[in-house]
Number of protein chains: 2
Amino acid sequence: METPVFTPDALVKRLTDSGLRPTPQREVVFKVIVEKRDHPTADELFARVKAQMPTISLATVYNCLETLVQCGLVRQVNFERAPTRYCPNLCQHAHFRDEATGELHDIDLPPDMIARLRELLPPGFNATDIELSFRGQAAPGAVPVSHGTN
Amino acid sequence: METPVFTPDALVKRLTDSGLRPTPQREVVFKVIVEKRDHPTADELFARVKAQMPTISLATVYNCLETLVQCGLVRQVNFERAPTRYCPNLCQHAHFRDEATGELHDIDLPPDMIARLRELLPPGFNATDIELSFRGQAAPGAVPVSHGTN
DNA sequence: AGCTTGTTTAGAACTATTCTAATTCTCACT
DNA sequence: AGTGAGAATTAGAATAGTTCTAAACAAGCT
Ligand SMILES: [Mn+2]
Ligand SMILES: [Mn+2]
Ligand SMILES: [Zn+2]
Ligand SMILES: [Zn+2]
């Protein structure tokens, strides 16, 4: 399983291709979300980013995240009404939320399973997006997932 | 497929079994959510319930819904950060959100598929809950689902 | 330099939901 | 039937994540 890491240059290309500008803020937000592959909230990202760019504002973090989501470089993940989390893993995958810690874990979701899920839909229903999420307990030492870095 | 409809008596039993009181507010909220089997928000339910009990408050609707969810008589359904919706269909099922209208449709989710989904979890992950949701377009005339009335 | 357009920023606004504290109700027990 | 204790309801305030606003800033172009 290869590991197509996003270089900073790839970000610049994706942005300019969409008619958007590669600003320092967008670059640092992207760098910070990619380098620690968890599922931080906007607040958590704000804190991490401020360490490198103390003048950035929370509004900008939200703006950058929205841009990154639109460019398809980051996924938004919601669990009930908890604060939105952001996921840099672009492979199709499901999420498992550990009830004890609140943390999200990536769960591999093979293409054939996605196909089977799609078959659940009656004729006339056309899904552009499928979301699968688990909630429960994870044994402390349980290894997360294949961890393909996109 | 039989159709186990919840009578008002069943609600009373479920409540008293849990040490809760069967109040007129709880009964009317339950009646209103069951009689039109869609996926209303708290606001929408509040409007419907007020027609029958003009003095009820929104806080009470929220309180009653929380109670009904705890008793397992109603499911909570979230889509991204949109207002929580409430679902009276207790059979295991997935949801399809029509992007055009914002409406939710129930999608049958057979037990064997649930079992297969569970197999996606690596050892050490124990799911108490699985949630599957689709987003896309539904052809106007598409028939919703098996519609087992619980 | 001036213009244009996109971006950032601080803070206000928004909104679904929860909390508070006072009142009312329910029901088991006389 | 009447009381009392605890449960539930209510109006309105508070909360909190997110979005909006409007002013300042940046970069490219003429
Ligand atoms: Mn947060
Ligand atoms: Mn609503
Ligand atoms: Zn993820
Ligand atoms: Zn449903």
# chains A, B, ... in the order shown; residues from 1 in each chain; ligands from 1
call {"tool": "interface_residues", "arguments": {"of": "chain C", "to": "chain B", "cutoff": "10 Å", "atoms": "only C-alpha atoms (C1' of nucleotides)", "output": "ChimeraX atom specification"}}
result
/C:15-18,25-27
call {"tool": "residues_near_ligand", "arguments": {"ligand": "ligand 3", "cutoff": "9 Å", "atoms": "only C-alpha atoms (C1' of nucleotides) and all ligand atoms", "output": "PyMOL selection string"}}
result
chain A and resi 37-39+75-77+85-96+104-107
call {"tool": "residues_around", "arguments": {"residues": "Phe134 of chain A", "least_positions_apart": "5", "cutoff": "10 Å", "atoms": "only C-alpha atoms (C1' of nucleotides)", "output": "list in words"}}
result
Phe79, Ala94, His95, Phe96, Arg97, Asp98, Leu104, His105 and Ile107 of chain A; Leu117, Arg118, Leu121, Phe125, Asn126, Ala127, Thr128, Asp129, Ile130, Glu131 and Leu132 of chain B
call {"tool": "atom_distance", "arguments": {"atom1": "atom CA of Glu27 of chain B", "atom2": "atom CA of Ala47 of chain B"}}
result
15.6 Å
call {"tool": "closest_residue", "arguments": {"among": "B:Val34, B:Ile56, B:Met113, B:Val61", "to": "ligand 2", "atoms": "only C-alpha atoms and all ligand atoms"}}
result
B:Val61
call {"tool": "interface_residues", "arguments": {"of": "chain D", "to": "chain A", "cutoff": "12 Å", "atoms": "only C-alpha atoms (C1' of nucleotides)", "output": "list of chain:residue names"}}
result
D:DA16, D:DG17, D:DT18, D:DT19, D:DC20, D:DA26, D:DA27, D:DG28
call {"tool": "write_last_selection", "arguments": {"atoms": "C-alpha atoms (C1' of nucleotides)", "output": "JSON list (two decimals), in the first residue's frame"}}
result
[["chain", "number", "residue", "atom", "x", "y", "z"],
["D", 16, "DA", "C1'", -21.12, 27.22, 22.73],
["D", 17, "DG", "C1'", -19.76, 26.10, 18.15],
["D", 18, "DT", "C1'", -19.97, 28.35, 14.12],
["D", 19, "DT", "C1'", -20.93, 32.07, 10.83],
["D", 20, "DC", "C1'", -21.30, 36.81, 9.67],
["D", 26, "DA", "C1'", -1.96, 41.55, 0.67],
["D", 27, "DA", "C1'", -0.79, 40.72, -4.03],
["D", 28, "DG", "C1'", -1.01, 41.26, -8.87]]
call {"tool": "closest_residue", "arguments": {"among": "B:Glu99, B:Glu35, B:Glu44, B:Glu66", "to": "ligand 2", "atoms": "only C-alpha atoms and all ligand atoms"}}
result
B:Glu44
call {"tool": "residues_around", "arguments": {"residues": "DT21 of chain D", "least_positions_apart": "4", "cutoff": "12 Å", "atoms": "only C-alpha atoms (C1' of nucleotides)", "output": "ChimeraX atom specification"}}
result
/C:9-13
call {"tool": "select_by_dssp", "arguments": {"residues": "chain B", "states": "strand (DSSP E)", "output": "JSON, numbers by chain"}}
result
{"B": [75, 76, 77, 85, 86, 87, 93, 94, 95, 96, 97, 98, 104, 105, 106, 107, 108, 125, 126, 127, 128, 129, 130, 131, 132, 133, 134, 135, 136, 137, 138]}
call {"tool": "write_last_selection", "arguments": {"atoms": "C-alpha atoms", "output": "compact mmCIF listing (two decimals), in the first residue's frame"}}
result
# COMPACT_ATOMS: atom_id res chain seq x y z
CA ARG B 75 -34.22 7.60 17.85
CA GLN B 76 -32.16 10.72 17.49
CA VAL B 77 -30.74 11.37 14.04
CA ARG B 85 -34.19 15.05 14.03
CA TYR B 86 -36.28 12.45 15.78
CA CYS B 87 -37.22 9.12 14.27
CA HIS B 93 -32.31 1.21 9.51
CA ALA B 94 -30.10 3.64 7.69
CA HIS B 95 -30.97 7.17 6.57
CA PHE B 96 -30.87 8.84 3.22
CA ARG B 97 -30.88 12.59 3.09
CA ASP B 98 -32.26 14.13 -0.04
CA LEU B 104 -34.67 12.09 5.55
CA HIS B 105 -35.80 8.73 4.23
CA ASP B 106 -35.54 5.43 6.03
CA ILE B 107 -33.49 2.76 4.30
CA ASP B 108 -33.83 -0.89 5.21
CA PHE B 125 -12.97 -2.51 18.93
CA ASN B 126 -16.37 -3.24 20.37
CA ALA B 127 -19.23 -1.32 18.77
CA THR B 128 -22.42 -0.75 20.70
CA ASP B 129 -23.89 1.29 17.91
CA ILE B 130 -23.59 1.49 14.13
CA GLU B 131 -24.82 4.36 12.06
CA LEU B 132 -25.08 4.42 8.31
CA SER B 133 -26.20 7.40 6.32
CA PHE B 134 -26.42 8.32 2.68
CA ARG B 135 -26.60 11.70 1.09
CA GLY B 136 -27.74 12.35 -2.44
CA GLN B 137 -30.68 12.81 -4.73
CA ALA B 138 -33.94 10.94 -4.56
